[in-house]
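Everything below belongs to protein-v6.txt, which stores compact mmCIF, C-alpha atoms and all ligand atoms.
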```
# COMPACT_ATOMS: atom_id res chain seq x y z
CA MET A 13 -74.11 34.15 -29.89
CA GLN A 14 -77.01 35.08 -32.13
CA MET A 15 -75.78 32.55 -34.66
CA ILE A 16 -75.71 29.73 -32.11
CA TRP A 17 -79.14 30.64 -30.84
CA ASN A 18 -80.52 30.55 -34.37
CA GLN A 19 -78.95 27.18 -35.05
CA GLN A 20 -80.47 25.77 -31.90
CA LEU A 21 -83.84 27.15 -32.85
CA VAL A 22 -83.64 25.60 -36.31
CA LYS A 23 -82.58 22.29 -34.84
CA LYS A 24 -85.45 22.33 -32.36
CA GLU A 25 -87.89 23.08 -35.16
CA ASN A 26 -86.47 20.32 -37.35
CA LYS A 27 -86.63 17.83 -34.51
CA SER A 28 -90.22 18.80 -33.87
CA ILE A 29 -91.02 18.27 -37.58
CA VAL A 30 -89.43 14.81 -37.49
CA LEU A 31 -91.21 13.80 -34.28
CA ASN A 32 -94.57 15.05 -35.58
CA LEU A 33 -94.14 13.13 -38.84
CA ILE A 34 -93.45 9.96 -36.86
CA MET A 35 -96.36 10.58 -34.48
CA ASN A 36 -98.83 11.20 -37.28
CA ASN A 37 -97.59 8.91 -40.05
CA ALA A 38 -95.95 5.93 -38.31
CA PRO A 39 -94.71 3.50 -39.41
CA ILE A 40 -92.45 5.69 -41.51
CA SER A 41 -88.88 5.28 -42.77
CA ARG A 42 -86.02 7.78 -42.49
CA ALA A 43 -86.12 8.19 -46.28
CA ASP A 44 -89.84 9.02 -46.21
CA ILE A 45 -89.26 11.57 -43.45
CA ALA A 46 -86.54 13.22 -45.53
CA GLN A 47 -88.73 13.26 -48.60
CA THR A 48 -91.84 14.59 -46.85
CA SER A 49 -90.05 17.21 -44.75
CA GLY A 50 -87.50 18.36 -47.30
CA LEU A 51 -84.75 17.92 -44.69
CA ASN A 52 -81.56 16.25 -45.91
CA LYS A 53 -80.94 12.62 -45.01
CA GLY A 54 -78.01 13.36 -42.71
CA THR A 55 -80.09 15.78 -40.62
CA VAL A 56 -82.96 13.30 -40.41
CA SER A 57 -80.59 10.51 -39.34
CA SER A 58 -79.01 12.50 -36.55
CA LEU A 59 -82.36 13.78 -35.23
CA VAL A 60 -83.80 10.26 -35.39
CA ALA A 61 -80.78 9.00 -33.44
CA GLU A 62 -81.47 11.55 -30.70
CA LEU A 63 -85.14 10.65 -30.53
CA LEU A 64 -84.24 6.94 -30.34
CA GLU A 65 -81.83 7.62 -27.51
CA GLU A 66 -84.54 9.57 -25.68
CA GLN A 67 -86.86 6.57 -26.15
CA LEU A 68 -89.52 8.80 -27.69
CA ILE A 69 -89.49 6.63 -30.83
CA TYR A 70 -88.48 3.05 -31.64
CA GLU A 71 -87.49 1.02 -34.68
CA SER A 72 -89.50 -1.87 -35.98
CA GLY A 73 -89.00 -4.52 -38.63
CA PRO A 74 -88.64 -3.70 -42.31
CA GLY A 75 -91.55 -2.00 -44.06
CA GLU A 76 -92.78 -2.23 -47.64
CA SER A 77 -90.26 -1.51 -50.33
CA SER A 78 -90.47 -1.52 -54.10
CA GLY A 79 -87.26 -3.44 -54.43
CA GLY A 80 -83.84 -3.32 -52.90
CA ARG A 81 -83.20 -3.36 -49.18
CA ARG A 82 -86.30 -2.88 -47.09
CA PRO A 83 -86.08 0.19 -44.85
CA VAL A 84 -86.35 0.04 -41.06
CA MET A 85 -89.54 1.69 -39.93
CA LEU A 86 -89.87 4.22 -37.11
CA LEU A 87 -92.72 4.41 -34.65
CA PHE A 88 -93.72 6.81 -31.89
CA ASN A 89 -93.15 5.30 -28.46
CA GLN A 90 -96.52 6.22 -26.99
CA ALA A 91 -95.68 4.18 -23.87
CA ALA A 92 -92.60 6.31 -23.10
CA GLY A 93 -94.68 8.09 -20.48
CA TYR A 94 -98.22 8.70 -19.30
CA SER A 95 -100.37 11.75 -18.82
CA ILE A 96 -103.16 12.44 -16.34
CA GLY A 97 -106.22 14.53 -17.15
CA LEU A 98 -108.99 15.47 -14.72
CA ASP A 99 -112.33 16.99 -15.57
CA LEU A 100 -113.33 18.82 -12.41
CA GLY A 101 -117.08 19.22 -12.58
CA VAL A 102 -119.19 20.89 -9.94
CA ASN A 103 -120.62 17.53 -8.82
CA TYR A 104 -118.08 15.04 -10.17
CA ILE A 105 -114.41 14.40 -10.86
CA LEU A 106 -113.58 12.38 -13.95
CA GLY A 107 -109.93 11.36 -14.26
CA VAL A 108 -108.14 9.63 -17.12
CA LEU A 109 -104.69 8.15 -17.47
CA THR A 110 -103.53 8.21 -21.09
CA ASP A 111 -100.44 7.20 -23.00
CA LEU A 112 -98.60 9.86 -24.99
CA HIS A 113 -100.92 9.32 -27.95
CA GLY A 114 -104.03 10.02 -25.88
CA ASN A 115 -105.19 6.41 -25.64
CA ILE A 116 -107.02 5.88 -22.37
CA VAL A 117 -105.36 3.37 -20.03
CA THR A 118 -107.60 3.82 -16.98
CA THR A 119 -110.40 6.11 -15.85
CA LYS A 120 -111.59 7.08 -12.39
CA ASN A 121 -114.98 8.61 -11.81
CA GLU A 122 -116.13 10.14 -8.55
CA LYS A 123 -119.40 11.87 -7.74
CA TYR A 124 -119.63 14.24 -4.82
CA THR A 125 -121.57 17.16 -3.44
CA ASN A 126 -119.26 19.00 -1.02
CA ILE A 127 -117.64 21.71 -3.10
CA SER A 128 -115.42 23.44 -0.55
CA PHE A 129 -111.97 24.10 -1.98
CA ASP A 130 -110.07 22.05 0.61
CA ASP A 131 -112.37 19.08 0.29
CA THR A 132 -112.19 19.20 -3.50
CA LEU A 133 -108.39 19.49 -3.41
CA ASN A 134 -108.21 16.33 -1.29
CA ARG A 135 -110.50 14.45 -3.65
CA VAL A 136 -108.47 15.63 -6.63
CA LYS A 137 -105.29 14.39 -4.93
CA ASN A 138 -106.88 11.00 -4.28
CA VAL A 139 -107.94 10.60 -7.89
CA ILE A 140 -104.46 11.60 -9.09
CA SER A 141 -102.78 9.14 -6.69
CA PHE A 142 -105.04 6.37 -7.95
CA LEU A 143 -104.11 7.13 -11.56
CA ILE A 144 -100.38 7.39 -10.79
CA ASP A 145 -100.52 3.94 -9.17
CA ALA A 146 -102.33 2.58 -12.22
CA ALA A 147 -99.63 3.71 -14.68
CA PRO A 148 -97.43 1.01 -16.23
CA LEU A 149 -93.67 1.38 -15.77
CA SER A 150 -92.18 3.67 -18.43
CA PRO A 151 -89.01 5.67 -19.11
CA TYR A 152 -90.59 9.03 -18.19
CA GLY A 153 -93.37 7.99 -15.81
CA ILE A 154 -96.17 10.54 -15.40
CA VAL A 155 -95.17 13.46 -17.64
CA GLY A 156 -97.85 15.88 -16.51
CA ILE A 157 -101.14 16.42 -14.74
CA GLY A 158 -103.86 18.45 -16.42
CA ILE A 159 -106.97 19.77 -14.68
CA GLY A 160 -110.00 21.12 -16.51
CA ALA A 161 -111.84 23.42 -14.10
CA PRO A 162 -115.05 25.41 -14.56
CA GLY A 163 -114.95 29.19 -14.31
CA ILE A 164 -112.63 32.00 -15.26
CA LEU A 165 -108.95 31.10 -15.24
CA ASN A 166 -105.98 33.26 -16.09
CA LYS A 167 -103.16 32.05 -18.32
CA GLU A 168 -101.22 30.86 -15.27
CA GLY A 169 -104.10 28.51 -14.43
CA ASP A 170 -105.27 30.37 -11.33
CA ILE A 171 -109.01 30.09 -10.84
CA LEU A 172 -110.14 33.71 -10.55
CA LEU A 173 -113.84 32.97 -10.30
CA ALA A 174 -115.83 29.74 -10.34
CA PRO A 175 -119.38 30.90 -9.50
CA ASN A 176 -120.90 27.43 -9.37
CA LEU A 177 -118.25 26.20 -6.95
CA GLY A 178 -118.31 29.43 -4.92
CA TRP A 179 -114.54 29.80 -5.45
CA LYS A 180 -112.66 33.06 -5.91
CA ASN A 181 -108.91 33.55 -6.46
CA VAL A 182 -107.76 30.01 -5.70
CA SER A 183 -105.01 27.96 -7.29
CA LEU A 184 -104.69 24.20 -7.62
CA THR A 185 -101.37 24.36 -9.45
CA ALA A 186 -98.94 25.04 -6.61
CA ALA A 187 -100.59 22.65 -4.16
CA LEU A 188 -100.59 19.79 -6.67
CA GLU A 189 -97.05 20.43 -7.93
CA THR A 190 -95.80 20.40 -4.33
CA THR A 191 -97.59 17.15 -3.56
CA PHE A 192 -96.69 15.21 -6.70
CA ASN A 193 -93.60 16.95 -8.04
CA ILE A 194 -95.03 16.68 -11.56
CA PRO A 195 -95.83 19.64 -13.86
CA VAL A 196 -99.47 20.71 -13.54
CA ILE A 197 -101.57 22.57 -16.12
CA VAL A 198 -104.98 23.96 -15.13
CA GLU A 199 -107.24 25.06 -17.97
CA ASN A 200 -110.89 26.04 -18.34
CA GLU A 201 -112.87 22.79 -18.73
CA ALA A 202 -114.77 23.97 -21.82
CA ASN A 203 -111.51 24.95 -23.55
CA ALA A 204 -110.16 21.52 -22.66
CA GLY A 205 -113.34 19.87 -23.93
CA ALA A 206 -113.17 21.76 -27.22
CA TYR A 207 -109.57 20.64 -27.68
CA GLY A 208 -110.42 17.05 -26.71
CA GLU A 209 -113.21 16.95 -29.29
CA LYS A 210 -110.99 18.51 -31.95
CA LYS A 211 -108.13 16.08 -31.32
CA PHE A 212 -109.91 12.84 -30.45
CA GLY A 213 -113.65 13.25 -31.03
CA LEU A 214 -116.35 14.58 -33.29
CA GLY A 215 -114.43 17.76 -34.11
CA GLN A 216 -111.60 16.00 -35.92
CA PRO A 217 -112.82 16.80 -39.45
CA PHE A 218 -113.50 20.48 -38.66
CA ASP A 219 -111.33 23.55 -38.10
CA ASP A 220 -113.96 26.03 -36.93
CA LEU A 221 -116.08 24.71 -34.13
CA ILE A 222 -117.63 25.71 -30.83
CA TYR A 223 -117.90 23.23 -27.99
CA VAL A 224 -120.78 23.92 -25.61
CA SER A 225 -120.10 22.34 -22.25
CA ALA A 226 -123.53 22.03 -20.65
CA GLY A 227 -123.08 20.84 -17.08
CA ILE A 228 -124.09 22.52 -13.84
CA GLY A 229 -123.07 25.74 -15.61
CA ILE A 230 -122.40 26.40 -19.29
CA GLY A 231 -118.97 27.13 -20.71
CA THR A 232 -117.87 27.18 -24.33
CA GLY A 233 -114.57 26.42 -25.99
CA ILE A 234 -113.77 28.07 -29.31
CA ILE A 235 -111.65 26.44 -32.02
CA ILE A 236 -110.75 28.78 -34.90
CA ASN A 237 -108.56 27.62 -37.80
CA GLY A 238 -107.90 24.41 -35.89
CA GLU A 239 -106.53 26.25 -32.85
CA LEU A 240 -108.04 26.94 -29.46
CA TYR A 241 -108.94 30.62 -29.20
CA LYS A 242 -108.37 31.83 -25.64
CA GLY A 243 -108.65 35.60 -25.93
CA ILE A 244 -106.09 38.14 -24.77
CA ASN A 245 -106.07 37.00 -21.10
CA GLY A 246 -107.52 33.52 -21.50
CA TYR A 247 -111.10 34.46 -20.59
CA SER A 248 -112.88 33.76 -23.89
CA GLY A 249 -116.01 31.66 -24.23
CA GLU A 250 -118.01 32.77 -21.21
CA PHE A 251 -121.27 32.43 -23.10
CA GLY A 252 -122.87 30.85 -20.03
CA HIS A 253 -123.04 34.41 -18.69
CA MET A 254 -124.47 35.89 -21.86
CA THR A 255 -127.56 37.85 -20.80
CA ILE A 256 -130.70 36.48 -22.39
CA ASP A 257 -133.18 38.22 -20.06
CA LYS A 258 -132.24 41.58 -18.54
CA ASN A 259 -135.00 41.22 -15.95
CA GLY A 260 -134.22 37.59 -15.39
CA MET A 261 -133.05 35.54 -12.42
CA GLN A 262 -130.06 36.58 -10.33
CA CYS A 263 -126.88 34.73 -11.33
CA ARG A 264 -124.02 33.89 -8.98
CA CYS A 265 -121.71 35.82 -11.31
CA GLY A 266 -123.46 39.05 -10.25
CA ASN A 267 -125.49 39.59 -13.44
CA LYS A 268 -129.11 38.80 -14.14
CA GLY A 269 -130.70 36.53 -16.70
CA CYS A 270 -127.54 34.63 -17.74
CA TRP A 271 -128.00 31.86 -20.32
CA GLU A 272 -126.82 29.11 -17.97
CA LEU A 273 -129.67 29.85 -15.55
CA TYR A 274 -132.09 28.58 -18.18
CA ALA A 275 -130.22 25.93 -20.14
CA SER A 276 -127.90 24.04 -17.78
CA GLU A 277 -128.11 20.93 -15.64
CA GLN A 278 -128.55 23.22 -12.63
CA SER A 279 -131.57 24.92 -14.19
CA LEU A 280 -133.09 21.50 -14.80
CA LEU A 281 -132.45 20.38 -11.21
CA SER A 282 -133.83 23.61 -9.71
CA LYS A 283 -137.06 23.34 -11.69
CA ALA A 284 -137.39 19.65 -10.92
CA ASN A 285 -137.03 20.46 -7.22
CA GLU A 286 -139.71 23.17 -7.42
CA MET A 287 -142.12 20.91 -9.24
CA ASN A 288 -141.67 17.98 -6.88
CA LEU A 289 -141.57 15.30 -9.55
CA GLY A 290 -141.90 12.58 -6.95
CA ILE A 291 -138.19 11.91 -6.75
CA MET A 292 -137.20 10.85 -3.26
CA ASN A 293 -133.89 12.03 -1.79
CA ASP A 294 -131.83 14.40 -3.92
CA VAL A 295 -132.99 15.24 -7.39
CA ASN A 296 -130.33 14.40 -9.97
CA LEU A 297 -130.01 14.21 -13.73
CA GLY A 298 -130.08 10.40 -13.78
CA GLU A 299 -133.42 10.33 -11.95
CA ILE A 300 -134.95 12.90 -14.28
CA LEU A 301 -133.81 10.96 -17.35
CA LEU A 302 -135.25 7.78 -15.87
CA LEU A 303 -138.63 9.48 -15.35
CA ALA A 304 -138.55 10.75 -18.93
CA GLN A 305 -137.73 7.28 -20.21
CA ASN A 306 -140.75 5.98 -18.34
CA GLY A 307 -142.92 8.49 -20.16
CA GLU A 308 -143.39 10.91 -17.23
CA GLN A 309 -144.73 14.00 -19.01
CA ALA A 310 -143.57 16.58 -16.46
CA ALA A 311 -139.97 15.35 -16.75
CA ILE A 312 -140.15 15.26 -20.56
CA GLN A 313 -141.54 18.80 -20.60
CA LEU A 314 -138.70 20.05 -18.38
CA LEU A 315 -136.07 18.50 -20.65
CA LYS A 316 -137.74 19.98 -23.71
CA GLU A 317 -137.71 23.43 -22.15
CA VAL A 318 -134.01 23.19 -21.34
CA GLY A 319 -133.45 22.06 -24.94
CA GLN A 320 -135.24 25.12 -26.27
CA ASN A 321 -133.24 27.44 -24.03
CA LEU A 322 -130.03 25.75 -25.05
CA GLY A 323 -130.98 26.35 -28.68
CA LEU A 324 -131.63 30.05 -28.01
CA GLY A 325 -128.09 30.63 -26.80
CA ILE A 326 -126.62 28.54 -29.59
CA ILE A 327 -128.33 30.77 -32.19
CA ASN A 328 -126.30 33.71 -30.87
CA ILE A 329 -123.10 31.70 -31.02
CA ILE A 330 -123.82 30.65 -34.61
CA HIS A 331 -124.52 34.25 -35.59
CA ALA A 332 -121.27 35.40 -33.97
CA PHE A 333 -118.90 32.76 -35.32
CA ASN A 334 -120.50 31.18 -38.41
CA PRO A 335 -118.83 27.90 -37.36
CA GLN A 336 -118.80 24.58 -39.21
CA GLN A 337 -119.84 22.71 -36.13
CA ILE A 338 -121.42 23.10 -32.70
CA ILE A 339 -120.73 20.23 -30.32
CA ILE A 340 -122.97 19.95 -27.26
CA GLY A 341 -121.11 18.12 -24.54
CA ASN A 342 -120.78 17.48 -20.81
CA ARG A 343 -123.63 16.18 -18.66
CA LEU A 344 -126.63 17.35 -20.70
CA ALA A 345 -125.40 15.35 -23.69
CA ALA A 346 -126.92 12.40 -21.82
CA ALA A 347 -130.34 14.02 -22.37
CA ARG A 348 -129.83 14.15 -26.13
CA GLN A 349 -132.96 12.16 -26.89
CA TRP A 350 -135.17 14.96 -25.53
CA ILE A 351 -133.14 18.09 -26.07
CA GLU A 352 -131.77 17.50 -29.57
CA PRO A 353 -135.11 17.93 -31.44
CA GLN A 354 -135.74 21.16 -29.50
CA VAL A 355 -132.27 22.57 -30.18
CA ARG A 356 -132.60 21.77 -33.89
CA ASN A 357 -136.08 23.21 -34.08
CA VAL A 358 -135.00 26.51 -32.49
CA ILE A 359 -131.93 26.76 -34.75
CA ASP A 360 -134.04 26.04 -37.87
CA LYS A 361 -136.60 28.64 -36.87
CA PHE A 362 -134.51 31.53 -35.62
CA THR A 363 -131.04 31.38 -37.15
CA LEU A 364 -130.42 33.67 -40.11
CA SER A 365 -130.68 31.61 -43.27
CA PHE A 366 -127.11 32.53 -44.34
CA HIS A 367 -125.78 30.90 -41.21
CA GLN A 368 -127.78 27.71 -41.64
CA THR A 369 -125.84 26.46 -44.62
CA ASP A 370 -122.93 24.26 -43.62
CA ILE A 371 -123.68 24.24 -39.88
CA LYS A 372 -123.48 20.86 -38.22
CA VAL A 373 -124.86 20.33 -34.71
CA SER A 374 -123.46 17.31 -32.89
CA PHE A 375 -123.70 15.78 -29.43
CA SER A 376 -120.61 14.49 -27.67
CA ASN A 377 -120.16 10.77 -27.58
CA LEU A 378 -120.80 9.93 -23.94
CA SER A 379 -117.96 7.45 -23.84
CA LEU A 380 -115.42 10.15 -24.79
CA PRO A 381 -114.32 12.19 -21.77
CA SER A 382 -113.39 15.13 -23.99
CA SER A 383 -112.41 17.60 -21.27
CA ALA A 384 -110.18 15.17 -19.35
CA LEU A 385 -108.60 14.00 -22.62
CA GLY A 386 -108.06 17.59 -23.72
CA VAL A 387 -106.12 18.58 -20.58
CA ALA A 388 -104.16 15.31 -20.66
CA ALA A 389 -103.16 16.23 -24.23
CA PHE A 390 -102.07 19.74 -23.11
CA SER A 391 -99.76 18.09 -20.55
CA THR A 392 -98.36 15.63 -23.08
CA GLU A 393 -97.68 18.44 -25.54
CA ALA A 394 -95.93 20.53 -22.88
CA PHE A 395 -93.76 17.51 -22.03
CA LEU A 396 -92.80 16.83 -25.66
CA LYS A 397 -92.05 20.51 -26.18
CA SER A 398 -89.75 20.50 -23.16
CA LYS A 399 -87.95 17.42 -24.50
CA LEU A 400 -87.40 19.17 -27.83
CA GLN A 401 -86.07 22.26 -26.09
CA MET A 402 -83.59 20.47 -23.86
CA GLN A 403 -81.16 19.52 -26.63
ZN ZN B 501 -123.95 34.76 -14.79
```

Represent the structure from my file as structure tokens, please.
Ligand SMILES: [Zn+2]
Amino acid sequence: MQMIWNQQLVKKENKSIVLNLIMNNAPISRADIAQTSGLNKGTVSSLVAELLEEQLIYESGPGESSGGRRPVMLLFNQAAGYSIGLDLGVNYILGVLTDLHGNIVTTKNEKYTNISFDDTLNRVKNVISFLIDAAPLSPYGIVGIGIGAPGILNKEGDILLAPNLGWKNVSLTAALETTFNIPVIVENEANAGAYGEKKFGLGQPFDDLIYVSAGIGIGTGIIINGELYKGINGYSGEFGHMTIDKNGMQCRCGNKGCWELYASEQSLLSKANEMNLGIMNDVNLGEILLLAQNGEQAAIQLLKEVGQNLGLGIINIIHAFNPQQIIIGNRLAAARQWIEPQVRNVIDKFTLSFHQTDIKVSFSNLSLPSSALGVAAFSTEAFLKSKLQMQ
């Protein structure tokens, strides 16, 4: 029994090696796979045959050869199925439909203000239905649904506390799996964003990076040695609730003076409301940025202040992790023009000189929905893993 189990494990690992080589190096021949992996040609051939049968890879015309018969090349069938990823913000839902390689097929963006759990669940379902309908026909259909949610989530994906949504001990997983009959993964949105940046965005060249998701609240995702660091129970990265003023404002998490009260989109909106910047209707980030673009000094000053406060928290993160890169993402990345000089100035002034060598501070590319892409990738990976295990 032990023997059989071991053989199956080895086979699964070998198949995973072959699939990964095809995913990352396609087009590639069977001979190249054997040479790169060190597996013998017979093993490679039989594993390739299985993957072909499962439609996870396909053969294409002959590749380059230095003489003799040209080999048939293998490619990853990224259209074998599709994955859905949703970034569940406090005031928006951003959904993406991707192929198995993470290429975006369709996006769906919805802004809203009612944050009750039931209302949000309905909106989430609508966005998912829209994306399911938009998926091209494929052998596996929608392989998984990933949700990036703000707040503290356990490893099962239950949302234990989402202060900015006013949610406590709620779960999206069961409700969505019942409705769609598709596997659902719920992950902290900053963790998802960090993974999205590492896999598809600015983090690709780096193995040690911290993603700062600055939206209505602040969350951070930690990548160490190229892997997402989640902590013992999955609660890592709650820097948004790092105390920066013990006598400071009351936070919805129960503490006082948390970083996100001074450096988030919400802090910007609250101050803008107090100051009455002349914005009619509801104050929002877009309006504030517009005022700043038009040279409105009060708006520019507010953005600068948030930039400084963002920098103050980042100093602590740099001191703790000595990372290669800090990526500032989510909604405040749109205010880069005003906050970047402040963040850099604070880091230059107050970070220990040792930590300043080799640190790169970047702002997310606004066209890359890193959090939605990150959770879509988690779902794709879970699907591929399950395919490898089934044999
Ligand atoms: Zn707090």

- request: Show me as a PyMOL selection string the residues that reach within 8 Å of (-97.7, 9.1, -17.8), counting only C-alpha atoms and using the file's own coordinates.
  value: chain A and resi 92-96+109-112+144+147+150+152-156

field: Distance filter 10 Å around ligand ZN 501 (chain B), atoms: only C-alpha atoms and all ligand atoms, out as a list in words
entry: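 What falls inside 10 Å of ligand ZN 501 (chain B) is Pro175, Asn176, Gly229, Ile230, Glu250, Phe251, Gly252, His253, Met254, Thr255, Met261, Gln262, Cys263, Arg264, Cys265, Gly266, Asn267, Lys268, Gly269, Cys270, Trp271, Glu272 and Leu273 of chain A.
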
Contacts of Glu277 (chain A) at 12 Å (all atoms listed in the file; same-chain gap of 5+ positions) as number ranges by chain: A: 101-103, 176, 225-230, 271-272, 282-284, 295-298, 300-301, 314-315, 317-319, 321-322, 341-347, 351

For Ile159 (chain A): contacts at 10 Å, all atoms listed in the file, fewer than 3 positions along chain excluded, given as a PDB file with C-alpha atoms, in the frame of the given file:
```pdb
ATOM      1  CA  ILE A  96    -103.160  12.440 -16.340  1.00  0.00           C
ATOM      2  CA  GLY A  97    -106.220  14.530 -17.150  1.00  0.00           C
ATOM      3  CA  LEU A  98    -108.990  15.470 -14.720  1.00  0.00           C
ATOM      4  CA  ASP A  99    -112.330  16.990 -15.570  1.00  0.00           C
ATOM      5  CA  LEU A 100    -113.330  18.820 -12.410  1.00  0.00           C
ATOM      6  CA  ILE A 105    -114.410  14.400 -10.860  1.00  0.00           C
ATOM      7  CA  LEU A 106    -113.580  12.380 -13.950  1.00  0.00           C
ATOM      8  CA  GLY A 107    -109.930  11.360 -14.260  1.00  0.00           C
ATOM      9  CA  VAL A 136    -108.470  15.630  -6.630  1.00  0.00           C
ATOM     10  CA  PRO A 162    -115.050  25.410 -14.560  1.00  0.00           C
ATOM     11  CA  GLY A 169    -104.100  28.510 -14.430  1.00  0.00           C
ATOM     12  CA  LEU A 184    -104.690  24.200  -7.620  1.00  0.00           C
ATOM     13  CA  THR A 185    -101.370  24.360  -9.450  1.00  0.00           C
ATOM     14  CA  VAL A 196     -99.470  20.710 -13.540  1.00  0.00           C
ATOM     15  CA  ILE A 197    -101.570  22.570 -16.120  1.00  0.00           C
ATOM     16  CA  VAL A 198    -104.980  23.960 -15.130  1.00  0.00           C
ATOM     17  CA  GLU A 199    -107.240  25.060 -17.970  1.00  0.00           C
ATOM     18  CA  ASN A 200    -110.890  26.040 -18.340  1.00  0.00           C
ATOM     19  CA  GLU A 201    -112.870  22.790 -18.730  1.00  0.00           C
ATOM     20  CA  ALA A 204    -110.160  21.520 -22.660  1.00  0.00           C
ATOM     21  CA  SER A 383    -112.410  17.600 -21.270  1.00  0.00           C
ATOM     22  CA  ALA A 384    -110.180  15.170 -19.350  1.00  0.00           C
ATOM     23  CA  LEU A 385    -108.600  14.000 -22.620  1.00  0.00           C
ATOM     24  CA  GLY A 386    -108.060  17.590 -23.720  1.00  0.00           C
ATOM     25  CA  VAL A 387    -106.120  18.580 -20.580  1.00  0.00           C
ATOM     26  CA  ALA A 388    -104.160  15.310 -20.660  1.00  0.00           C
ATOM     27  CA  PHE A 390    -102.070  19.740 -23.110  1.00  0.00           C
ATOM     28  CA  SER A 391     -99.760  18.090 -20.550  1.00  0.00           C
TER      29      SER A 391
END
```

Using only C-alpha atoms: which of A:Ile338, A:Val22, A:Ile312, A:Val30 has the shortest distance to Asp219 (chain A): A:Ile338

- line: Students should find that CA of Leu396 (chain A) and CA of Asn193 (chain A) are spaced 17.6 Å

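Here CA of Glu62 (chain A) stands at a distance of 19.8 Å from CA of His113 (chain A).
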
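For the pair CA of Lys24 (chain A) and CA of Gly114 (chain A), the interatomic distance is 23.2 Å.
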
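With all atoms listed in the file as the atoms that count, the minimum distance from Lys211 (chain A) to the choices A:Asp170, A:Arg42, A:Ala389, A:Asn377 is reached by A:Ala389.
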
From the block I gave, I'd like region 379-390 of chain A written with N, CA and C atoms, as an mmCIF file, in the first residue's frame.
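In the end it all went to selection_13.cif:
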```cif
data_model
loop_
_atom_site.group_PDB
_atom_site.id
_atom_site.type_symbol
_atom_site.label_atom_id
_atom_site.label_comp_id
_atom_site.auth_asym_id
_atom_site.auth_seq_id
_atom_site.Cartn_x
_atom_site.Cartn_y
_atom_site.Cartn_z
ATOM 1 N N SER A 379 -4.174 49.849 -14.906
ATOM 2 C CA SER A 379 -4.919 48.976 -15.817
ATOM 3 C C SER A 379 -4.789 47.502 -15.409
ATOM 4 N N LEU A 380 -3.992 47.229 -14.367
ATOM 5 C CA LEU A 380 -3.837 45.833 -13.919
ATOM 6 C C LEU A 380 -4.654 45.600 -12.643
ATOM 7 N N PRO A 381 -5.754 44.869 -12.751
ATOM 8 C CA PRO A 381 -6.550 44.596 -11.544
ATOM 9 C C PRO A 381 -5.894 43.497 -10.728
ATOM 10 N N SER A 382 -4.846 43.866 -9.966
ATOM 11 C CA SER A 382 -3.971 42.847 -9.367
ATOM 12 C C SER A 382 -4.703 41.914 -8.400
ATOM 13 N N SER A 383 -5.628 42.455 -7.620
ATOM 14 C CA SER A 383 -6.300 41.621 -6.624
ATOM 15 C C SER A 383 -7.230 40.602 -7.304
ATOM 16 N N ALA A 384 -8.013 41.062 -8.268
ATOM 17 C CA ALA A 384 -8.917 40.156 -8.992
ATOM 18 C C ALA A 384 -8.111 39.099 -9.755
ATOM 19 N N LEU A 385 -7.002 39.529 -10.371
ATOM 20 C CA LEU A 385 -6.156 38.574 -11.102
ATOM 21 C C LEU A 385 -5.515 37.563 -10.159
ATOM 22 N N GLY A 386 -5.132 38.041 -8.984
ATOM 23 C CA GLY A 386 -4.499 37.161 -7.989
ATOM 24 C C GLY A 386 -5.444 36.050 -7.543
ATOM 25 N N VAL A 387 -6.695 36.400 -7.212
ATOM 26 C CA VAL A 387 -7.636 35.352 -6.767
ATOM 27 C C VAL A 387 -8.054 34.446 -7.921
ATOM 28 N N ALA A 388 -8.122 35.010 -9.142
ATOM 29 C CA ALA A 388 -8.420 34.155 -10.303
ATOM 30 C C ALA A 388 -7.303 33.128 -10.462
ATOM 31 N N ALA A 389 -6.057 33.565 -10.233
ATOM 32 C CA ALA A 389 -4.911 32.653 -10.351
ATOM 33 C C ALA A 389 -4.954 31.578 -9.261
ATOM 34 N N PHE A 390 -5.363 31.951 -8.033
ATOM 35 C CA PHE A 390 -5.500 30.938 -6.970
ATOM 36 C C PHE A 390 -6.479 29.845 -7.416
#
```
